[in-house]
There are 2 protein chains.
Amino acid sequence: MKKSDFLSQLVSLAKRRGFIFPACDIYGGLSSIWDYGPLGANLKKNIKDLWWKSYVESRDDIVGLDAAVIMSPPVFMASGHLEGFNDVLVDCPACQRRFKLEELKKKGEVSLCPECGSEINLEKNMPRSFNLMLKTFLGVVENKQQEAYLRPETAQGIFVNFLNVLNTTHKSLPFGIAQIGKSFRNEVTTKTFIFRMREFEQMEIEYFVRPQHSDKYYHYWVEERFRWYQEKLGIRKENLRLRQHTKEELAHYAKACTDIEYRYPFSTTSEGWKELEGIANRTDYDLRRHSEYSHKDLSCFLPQEDKRIIPYVIEPSGGVDRTVLAVLSDAYAEEEVRGKKRVVLRLHKNVAPYKIAVFPLLKNNPGLVAKAKKIFELLKNKYVCVYDDTASIGRLYRRRDEIGTPFCITVDVESLSDDKVTVRDRDTMKQERIGCSQLIEYFAGKFQV
Amino acid sequence: MKKSDFLSQLVSLAKRRGFIFPACDIYGGLSSIWDYGPLGANLKKNIKDLWWKSYVESRDDIVGLDAAVIMSPPVFMASGHLEGFNDVLVDCPACQRRFKLEELKKKGEVSLCPECGSEINLEKNMPRSFNLMLKTFLGVVENKQQEAYLRPETAQGIFVNFLNVLNTTHKSLPFGIAQIGKSFRNEVTTKTFIFRMREFEQMEIEYFVRPQHSDKYYHYWVEERFRWYQEKLGIRKENLRLRQHTKEELAHYAKACTDIEYRYPFSTTSEGWKELEGIANRTDYDLRRHSEYSHKDLSCFLPQEDKRIIPYVIEPSGGVDRTVLAVLSDAYAEEEVRGKKRVVLRLHKNVAPYKIAVFPLLKNNPGLVAKAKKIFELLKNKYVCVYDDTASIGRLYRRRDEIGTPFCITVDVESLSDDKVTVRDRDTMKQERIGCSQLIEYFAGKFQV
């Protein structure tokens, strides 16, 4: 299948089955903003919860944070975003459309408009800078409203809370602060589904270390995060790669940066390889700048050395929505089963929106319905289950395959006498008869961590 | 203790221990916006996860949703927010401060400024309307930026997705759509800690029903939510009450509304009773308006009756931050233990940020440290645990009491020979010696659902 076809199949399934809808859809949508439907909300929450459990709940060296989205201008003076977080854009003199300079530049000093084909001469059509932050205003007193910004990255919420966290948690280096939350960027529309959005979600750790240990922890985090995507989310290794930034690419304050790239279904020159997460050694830049601008001492005391230092920071910064897209792309498969096309999402059991679906074979048979609902009640406290009787069994299986439910349980007439049900495995399509009293144990084995 | 003292004690503990910090604190804060520190982030996530599990994961009649914060203007034309979501404000002619008309009106037509005491005559100092929504701008093309709003309630994200959810989930009436997320309102500062914020989080269900069943489900949801706060979060019944809205209070489209009120530690005329959650019968107002404005058919087909109707909706709308404040207020206690003051947060085990803390009695004894860390490793996959050796055992207990950790485990020298540890209960302060091999079973009993 061609990549463009693959992506449109995926977008179509995501909308048809309730993973992802265009935002404000009934009013014509909102460019580069998307809503997560019932299945997408579950899938995304599963990814975030796995991350939070891996790094905040199961580790003693990292604490969580949940800072506000709205931040005041001095934060972004210190961080450099007010001055430098710009897209350089060029207008097409013919069609008035606006493009990123970096995209045109690949084609030389004089290039043709990607939309209408007219000549764009960069000497005549001067590029201009536009800040990517979204602005809003607080306070109700006219002419005295206070400018504020929607954060363009969750990281700044961590840096401005560094001192409060240090003072309240008794942590010493190395330690990390982790946060999941929304960020906002006024991106030029790129039509890449949920890959690049104006409102998106990040999962970021700022891991503070002694400067001389920063290389060690940088490599540790590159490997840890690369492993995590495979082990916890089941993303296939052949669709993941590490790409170290060249010196020219590095931000001026960064010592090193590696992207974890996923092979997305985009038809681009890079064969679809795009950033899923970046792991950067940001040195002491952020804390030093915030220290200078706030006049607060953001250093740590090292008891052994009897001195204060501003720590270096290693930042594994992942995109939640990009992870959702990678997980969906990786799981999507079309295959032929007995002459018919089967669409199946081979989602890892950790992230599947529903783990088990329960059906009565006949929805008009009260005995079957009652037994199916009893099984749903039995399992629902341990697993996210769904009861469904809104179609024939063949359609119900097809529906469940398309949304990646690992197991289906069917209650049939025989179940009423032998107290057994049919359990169907999504991937192998094999069916087993399992005694109702064995179901808890059976699934405990299947869903074992 | 006086209520104002109680509140300031709570705010102080919240900052000192890392529950809640002023946003952008190192830059002087940001009015009516707060950040959740390590403990607050855990506590808030626990509350949200309990709600999500209760209503989305364990029920077959409700599905989840995760819609964007930024929405387009037509949404708020339809909802009535652009026209009617206003605070009516009055300026003090002397000090220029601005107040809500409704607050001044309680004091008559001529009143005195609450800040400077000057006379405010409402005939001379005309009240004016200010819309409470936060505005932003999308798009990078100058003079062509698109106005957009940060949603003032999560509910609108549900209504505009009603059709997409209906078409993708095969649900029939009654069914609900549930969402947790941020909302934004440009409130006049009220200095009530996290009770009223400009950036806050809501947990809302829109439960769609046949019009003739709306009274029944309205009462069902009032009782269900009232019970939930007590049963799942452990909030004391004497601090909760139901208050039905009078006809004068009701929004013009609402058929009925009941607030679940909590007795907050505010010194107000209402003795601190304030809204924690509102449960409203909003009739078919929202779907009808969105149907009119979007020209989309937002009705449901009823197969038995063979007709289409626009359903009524029952809305249980809770504030996440208000719940955090209620939980903290409810749990805070000061008591005298052997002549000394003990501050203890009697948080329900479901919401406590950490469930178990593990200490070595002597941090310089490698055997004790190793054994304590082993116990931490043993328990951390089942419970959110913390290892701490940064103070003497007395201080560690005091610290844990103040942040509401239900159990502390201390490893002492004897533990090395008898393989037993001391488990201390936060509430009773009783200590038990438990064999290390019994710990899993011991806590399974203690944390049983």
# chains A, B, ... in the order shown; residues from 1 in each chain; ligands from 1
$ residues_around --residues "A:Tyr397" --least-positions-apart "6" --cutoff "9 Å" --atoms "only C-alpha atoms" --output "PyMOL selection string"
chain A and resi 408+424+426
$ closest_atom_pairs --of "chain A" --to "chain B" --cutoff "7 Å" --atoms "only C-alpha atoms" --output "tab-separated table"
residue	atom	partner	partner_atom	distance
A:Arg16	CA	B:Thr168	CA	6.1
A:Arg17	CA	B:Thr168	CA	5.2
A:Gly18	CA	B:Thr168	CA	5.3
A:Ala23	CA	B:Ala68	CA	6.7
A:Cys24	CA	B:Val160	CA	6.1
A:Ile26	CA	B:Ser294	CA	5.9
A:Tyr27	CA	B:Ser294	CA	5.8
A:Leu30	CA	B:Ser72	CA	6.8
A:Trp34	CA	B:Ala68	CA	6.6
A:Asp35	CA	B:Ala67	CA	4.2
A:Tyr36	CA	B:Asp66	CA	4.9
A:Gly37	CA	B:Leu65	CA	5.0
A:Pro38	CA	B:Gly64	CA	4.7
A:Ala41	CA	B:Asp66	CA	5.4
A:Glu57	CA	B:Val384	CA	5.4
A:Ser58	CA	B:Lys380	CA	5.6
A:Asp60	CA	B:Val386	CA	6.1
A:Val63	CA	B:Pro38	CA	5.5
A:Gly64	CA	B:Pro38	CA	4.7
A:Leu65	CA	B:Gly37	CA	5.0
A:Asp66	CA	B:Tyr36	CA	4.9
A:Ala67	CA	B:Asp35	CA	4.2
A:Ala68	CA	B:Asp35	CA	5.6
A:Met71	CA	B:Cys24	CA	6.6
A:Ser72	CA	B:Leu30	CA	6.8
A:Pro74	CA	B:Tyr27	CA	7.0
A:Phe130	CA	B:Val140	CA	6.7
A:Leu134	CA	B:Thr136	CA	6.6
A:Lys135	CA	B:Thr136	CA	5.8
A:Thr136	CA	B:Thr136	CA	5.1
A:Phe137	CA	B:Leu134	CA	6.8
A:Leu138	CA	B:Asn186	CA	6.2
A:Gly139	CA	B:Asn186	CA	6.2
A:Val140	CA	B:Phe130	CA	6.7
A:Val160	CA	B:Cys24	CA	6.1
A:Val165	CA	B:Gly18	CA	6.6
A:Thr168	CA	B:Arg17	CA	5.2
A:His170	CA	B:Thr390	CA	6.9
A:Asn186	CA	B:Leu138	CA	6.2
A:Val188	CA	B:Gly139	CA	6.9
A:Ser294	CA	B:Tyr27	CA	5.8
A:Lys296	CA	B:Ile26	CA	6.9
A:Lys380	CA	B:Ser58	CA	5.6
A:Asn381	CA	B:Ser58	CA	6.3
A:Val384	CA	B:Glu57	CA	5.4
A:Val386	CA	B:Asp60	CA	6.2
A:Tyr387	CA	B:Asp60	CA	6.6
A:Thr390	CA	B:His170	CA	6.9
$ write_last_selection --atoms "C-alpha atoms" --output "CSV table (one decimal), in the first residue's frame"
chain,number,residue,atom,x,y,z
A,16,ARG,CA,-15.1,6.0,11.7
A,17,ARG,CA,-14.4,4.1,14.9
A,18,GLY,CA,-14.1,7.0,17.3
A,23,ALA,CA,-12.0,19.7,16.6
A,24,CYS,CA,-15.3,21.7,16.3
A,26,ILE,CA,-19.9,20.3,13.2
A,27,TYR,CA,-18.7,23.9,12.6
A,30,LEU,CA,-10.4,24.1,13.5
A,34,TRP,CA,-8.1,17.5,16.9
A,35,ASP,CA,-10.3,15.9,19.5
A,36,TYR,CA,-9.9,12.4,20.9
A,37,GLY,CA,-13.1,10.4,20.8
A,38,PRO,CA,-14.0,7.5,23.2
A,41,ALA,CA,-9.3,9.1,24.9
A,57,GLU,CA,5.2,6.1,40.5
A,58,SER,CA,7.9,3.4,40.2
A,60,ASP,CA,12.3,7.1,43.7
A,63,VAL,CA,8.8,13.4,41.2
A,64,GLY,CA,5.7,14.6,39.3
A,65,LEU,CA,4.5,18.1,38.6
A,66,ASP,CA,1.3,19.6,37.1
A,67,ALA,CA,1.9,23.2,36.3
A,68,ALA,CA,-0.5,25.7,34.7
A,71,MET,CA,2.5,31.6,32.1
A,72,SER,CA,3.7,35.2,32.5
A,74,PRO,CA,9.1,37.1,32.2
A,130,PHE,CA,6.6,35.3,13.4
A,134,LEU,CA,-0.2,31.8,21.5
A,135,LYS,CA,-1.0,35.0,23.5
A,136,THR,CA,-4.0,35.7,25.7
A,137,PHE,CA,-5.0,38.4,28.2
A,138,LEU,CA,-5.8,38.2,31.9
A,139,GLY,CA,-7.8,40.6,34.0
A,140,VAL,CA,-11.0,42.4,33.3
A,160,VAL,CA,10.2,27.8,37.2
A,165,VAL,CA,10.4,21.3,44.3
A,168,THR,CA,9.9,20.6,49.5
A,170,HIS,CA,14.5,16.7,50.0
A,186,ASN,CA,0.9,28.6,16.3
A,188,VAL,CA,1.8,26.9,10.0
A,294,SER,CA,14.2,36.0,38.6
A,296,LYS,CA,16.6,33.7,42.7
A,380,LYS,CA,-15.0,-4.9,34.5
A,381,ASN,CA,-13.2,-4.2,37.8
A,384,VAL,CA,-11.7,-2.2,30.8
A,386,VAL,CA,-17.3,-3.5,26.8
A,387,TYR,CA,-20.6,-5.3,26.4
A,390,THR,CA,-25.7,-4.2,18.5
$ select_by_dssp --residues "stretch 128-222 of chain B" --states "strand (DSSP E)" --output "VMD selection string"
chain B and resid 128 to 131 134 to 138 146 to 150 175 to 184 199 to 209
$ write_last_selection --atoms "C-alpha atoms" --output "short mmCIF file (atom, residue, chain, number, x, y, z; two decimals), in the first residue's frame"
data_model
loop_
_atom_site.label_atom_id
_atom_site.label_comp_id
_atom_site.auth_asym_id
_atom_site.auth_seq_id
_atom_site.Cartn_x
_atom_site.Cartn_y
_atom_site.Cartn_z
CA ARG B 128 -20.53 47.32 32.88
CA SER B 129 -20.43 43.81 31.42
CA PHE B 130 -17.19 41.90 30.81
CA ASN B 131 -17.05 38.58 29.06
CA LEU B 134 -10.09 34.03 27.42
CA LYS B 135 -9.39 34.89 23.81
CA THR B 136 -6.44 33.94 21.64
CA PHE B 137 -5.49 34.12 17.97
CA LEU B 138 -4.59 31.37 15.53
CA GLN B 146 -8.47 33.91 13.51
CA GLU B 147 -10.03 34.61 16.89
CA ALA B 148 -10.52 31.58 19.06
CA TYR B 149 -11.43 31.00 22.69
CA LEU B 150 -10.17 28.84 25.50
CA PHE B 175 -25.94 7.04 27.58
CA GLY B 176 -23.31 9.48 28.71
CA ILE B 177 -20.12 11.15 27.51
CA ALA B 178 -17.54 11.95 30.18
CA GLN B 179 -14.59 14.28 30.05
CA ILE B 180 -11.87 15.61 32.35
CA GLY B 181 -9.93 18.67 31.28
CA LYS B 182 -8.86 22.25 31.70
CA SER B 183 -11.22 25.21 31.40
CA PHE B 184 -10.43 28.92 31.61
CA GLU B 199 -7.19 28.06 34.83
CA PHE B 200 -8.96 25.12 36.42
CA GLU B 201 -9.93 21.54 35.75
CA GLN B 202 -13.38 20.00 35.45
CA MET B 203 -14.79 16.49 35.44
CA GLU B 204 -18.08 16.50 33.61
CA ILE B 205 -20.59 13.98 32.36
CA GLU B 206 -23.33 14.79 29.88
CA TYR B 207 -25.87 12.02 30.33
CA PHE B 208 -28.41 11.92 27.48
CA VAL B 209 -31.90 10.65 28.22
#
$ residues_around --residues "B:Leu112" --least-positions-apart "3" --cutoff "12 Å" --atoms "only C-alpha atoms" --output "number ranges by chain"
B: 90-95, 99, 103-109, 115-122
$ write_last_selection --atoms "N, CA and C atoms" --output "mmCIF file, in the first residue's frame"
data_model
loop_
_atom_site.group_PDB
_atom_site.id
_atom_site.type_symbol
_atom_site.label_atom_id
_atom_site.label_comp_id
_atom_site.auth_asym_id
_atom_site.auth_seq_id
_atom_site.Cartn_x
_atom_site.Cartn_y
_atom_site.Cartn_z
ATOM 1 N N VAL B 90 -18.365 46.903 38.644
ATOM 2 C CA VAL B 90 -18.509 48.314 39.008
ATOM 3 C C VAL B 90 -17.157 48.834 39.491
ATOM 4 N N ASP B 91 -16.806 50.028 39.024
ATOM 5 C CA ASP B 91 -15.551 50.636 39.480
ATOM 6 C C ASP B 91 -15.787 51.461 40.740
ATOM 7 N N CYS B 92 -14.851 51.396 41.649
ATOM 8 C CA CYS B 92 -14.857 52.336 42.768
ATOM 9 C C CYS B 92 -14.278 53.654 42.249
ATOM 10 N N PRO B 93 -15.000 54.783 42.389
ATOM 11 C CA PRO B 93 -14.499 56.056 41.848
ATOM 12 C C PRO B 93 -13.230 56.527 42.549
ATOM 13 N N ALA B 94 -13.024 56.095 43.766
ATOM 14 C CA ALA B 94 -11.857 56.565 44.523
ATOM 15 C C ALA B 94 -10.611 55.733 44.222
ATOM 16 N N CYS B 95 -10.683 54.418 44.499
ATOM 17 C CA CYS B 95 -9.453 53.610 44.388
ATOM 18 C C CYS B 95 -9.336 52.889 43.053
ATOM 19 N N PHE B 99 -15.285 45.654 41.164
ATOM 20 C CA PHE B 99 -15.995 44.632 41.946
ATOM 21 C C PHE B 99 -17.164 44.066 41.170
ATOM 22 N N GLU B 103 -21.959 41.308 44.241
ATOM 23 C CA GLU B 103 -21.415 41.378 45.604
ATOM 24 C C GLU B 103 -21.765 42.707 46.275
ATOM 25 N N LEU B 104 -21.728 43.786 45.475
ATOM 26 C CA LEU B 104 -22.076 45.100 46.035
ATOM 27 C C LEU B 104 -23.572 45.209 46.313
ATOM 28 N N LYS B 105 -24.370 44.600 45.432
ATOM 29 C CA LYS B 105 -25.821 44.766 45.494
ATOM 30 C C LYS B 105 -26.412 44.286 46.804
ATOM 31 N N LYS B 106 -25.749 43.257 47.363
ATOM 32 C CA LYS B 106 -26.238 42.760 48.641
ATOM 33 C C LYS B 106 -26.322 43.886 49.663
ATOM 34 N N LYS B 107 -25.547 44.924 49.382
ATOM 35 C CA LYS B 107 -25.471 46.019 50.351
ATOM 36 C C LYS B 107 -26.334 47.228 49.961
ATOM 37 N N GLY B 108 -27.176 47.108 48.938
ATOM 38 C CA GLY B 108 -28.088 48.203 48.588
ATOM 39 C C GLY B 108 -27.609 49.037 47.425
ATOM 40 N N GLU B 109 -28.359 50.050 47.059
ATOM 41 C CA GLU B 109 -28.074 50.855 45.871
ATOM 42 C C GLU B 109 -26.840 51.729 46.052
ATOM 43 N N GLU B 115 -12.773 47.777 49.548
ATOM 44 C CA GLU B 115 -11.329 47.946 49.726
ATOM 45 C C GLU B 115 -10.976 49.247 50.448
ATOM 46 N N CYS B 116 -11.499 50.387 49.923
ATOM 47 C CA CYS B 116 -11.069 51.675 50.498
ATOM 48 C C CYS B 116 -12.163 52.365 51.303
ATOM 49 N N GLY B 117 -13.400 51.822 51.228
ATOM 50 C CA GLY B 117 -14.465 52.394 52.043
ATOM 51 C C GLY B 117 -15.179 53.594 51.445
ATOM 52 N N SER B 118 -14.768 54.023 50.234
ATOM 53 C CA SER B 118 -15.439 55.167 49.604
ATOM 54 C C SER B 118 -16.843 54.792 49.158
ATOM 55 N N GLU B 119 -17.661 55.832 48.965
ATOM 56 C CA GLU B 119 -19.025 55.585 48.522
ATOM 57 C C GLU B 119 -19.061 55.180 47.049
ATOM 58 N N ILE B 120 -19.803 54.110 46.750
ATOM 59 C CA ILE B 120 -20.057 53.724 45.361
ATOM 60 C C ILE B 120 -21.550 53.866 45.125
ATOM 61 N N ASN B 121 -21.908 54.817 44.267
ATOM 62 C CA ASN B 121 -23.308 55.039 43.938
ATOM 63 C C ASN B 121 -23.565 54.406 42.572
ATOM 64 N N LEU B 122 -24.436 53.392 42.553
ATOM 65 C CA LEU B 122 -24.608 52.614 41.322
ATOM 66 C C LEU B 122 -25.291 53.399 40.209
#
$ select_by_dssp --residues "stretch 300-351 of chain A" --states "alpha helix (DSSP H)" --output "list of chain:residue names"
A:Val320, A:Asp321, A:Arg322, A:Thr323, A:Val324, A:Leu325, A:Ala326, A:Val327, A:Leu328, A:Ser329, A:Asp330, A:Ala331
$ write_last_selection --atoms "C-alpha atoms" --output "PDB file, in the first residue's frame"
ATOM      1  CA  VAL A 320       1.905  12.218  23.452  1.00  0.00           C
ATOM      2  CA  ASP A 321      -0.037  12.717  20.211  1.00  0.00           C
ATOM      3  CA  ARG A 322       2.937  11.644  18.113  1.00  0.00           C
ATOM      4  CA  THR A 323       3.091   8.519  20.232  1.00  0.00           C
ATOM      5  CA  VAL A 324      -0.601   7.860  19.632  1.00  0.00           C
ATOM      6  CA  LEU A 325       0.017   8.211  15.894  1.00  0.00           C
ATOM      7  CA  ALA A 326       3.063   5.930  16.023  1.00  0.00           C
ATOM      8  CA  VAL A 327       1.143   3.303  18.026  1.00  0.00           C
ATOM      9  CA  LEU A 328      -1.794   3.403  15.602  1.00  0.00           C
ATOM     10  CA  SER A 329       0.414   3.308  12.489  1.00  0.00           C
ATOM     11  CA  ASP A 330       2.461   0.469  13.897  1.00  0.00           C
ATOM     12  CA  ALA A 331      -0.605  -1.571  14.773  1.00  0.00           C
TER      13      ALA A 331
END
$ closest_residue --among "A:Val88, A:Val11, A:Ile47, A:Ala357" --to "A:Phe193" --atoms "only C-alpha atoms"
A:Val11
$ residues_around --residues "stretch 244-248 of chain A" --least-positions-apart "6" --cutoff "10 Å" --atoms "only C-alpha atoms" --output "JSON, numbers by chain"
{"A": [254, 255, 256, 257, 258, 259, 260, 278, 279, 280]}
$ write_last_selection --atoms "C-alpha atoms" --output "PDB file, in the first residue's frame"
ATOM      1  CA  ALA A 254      22.704  22.251  23.989  1.00  0.00           C
ATOM      2  CA  LYS A 255      25.666  19.947  24.349  1.00  0.00           C
ATOM      3  CA  ALA A 256      24.039  17.023  22.549  1.00  0.00           C
ATOM      4  CA  CYS A 257      20.655  15.899  21.293  1.00  0.00           C
ATOM      5  CA  THR A 258      19.310  12.628  19.929  1.00  0.00           C
ATOM      6  CA  ASP A 259      15.939  12.148  18.337  1.00  0.00           C
ATOM      7  CA  ILE A 260      14.038   8.912  18.645  1.00  0.00           C
ATOM      8  CA  GLY A 278      14.049  14.308  21.588  1.00  0.00           C
ATOM      9  CA  ILE A 279      16.578  13.688  24.347  1.00  0.00           C
ATOM     10  CA  ALA A 280      18.809  16.696  24.919  1.00  0.00           C
TER      11      ALA A 280
END
$ closest_residue --among "B:Leu302, B:Glu402, B:Ser270, B:Phe195" --to "B:Ser12" --atoms "only C-alpha atoms"
B:Glu402
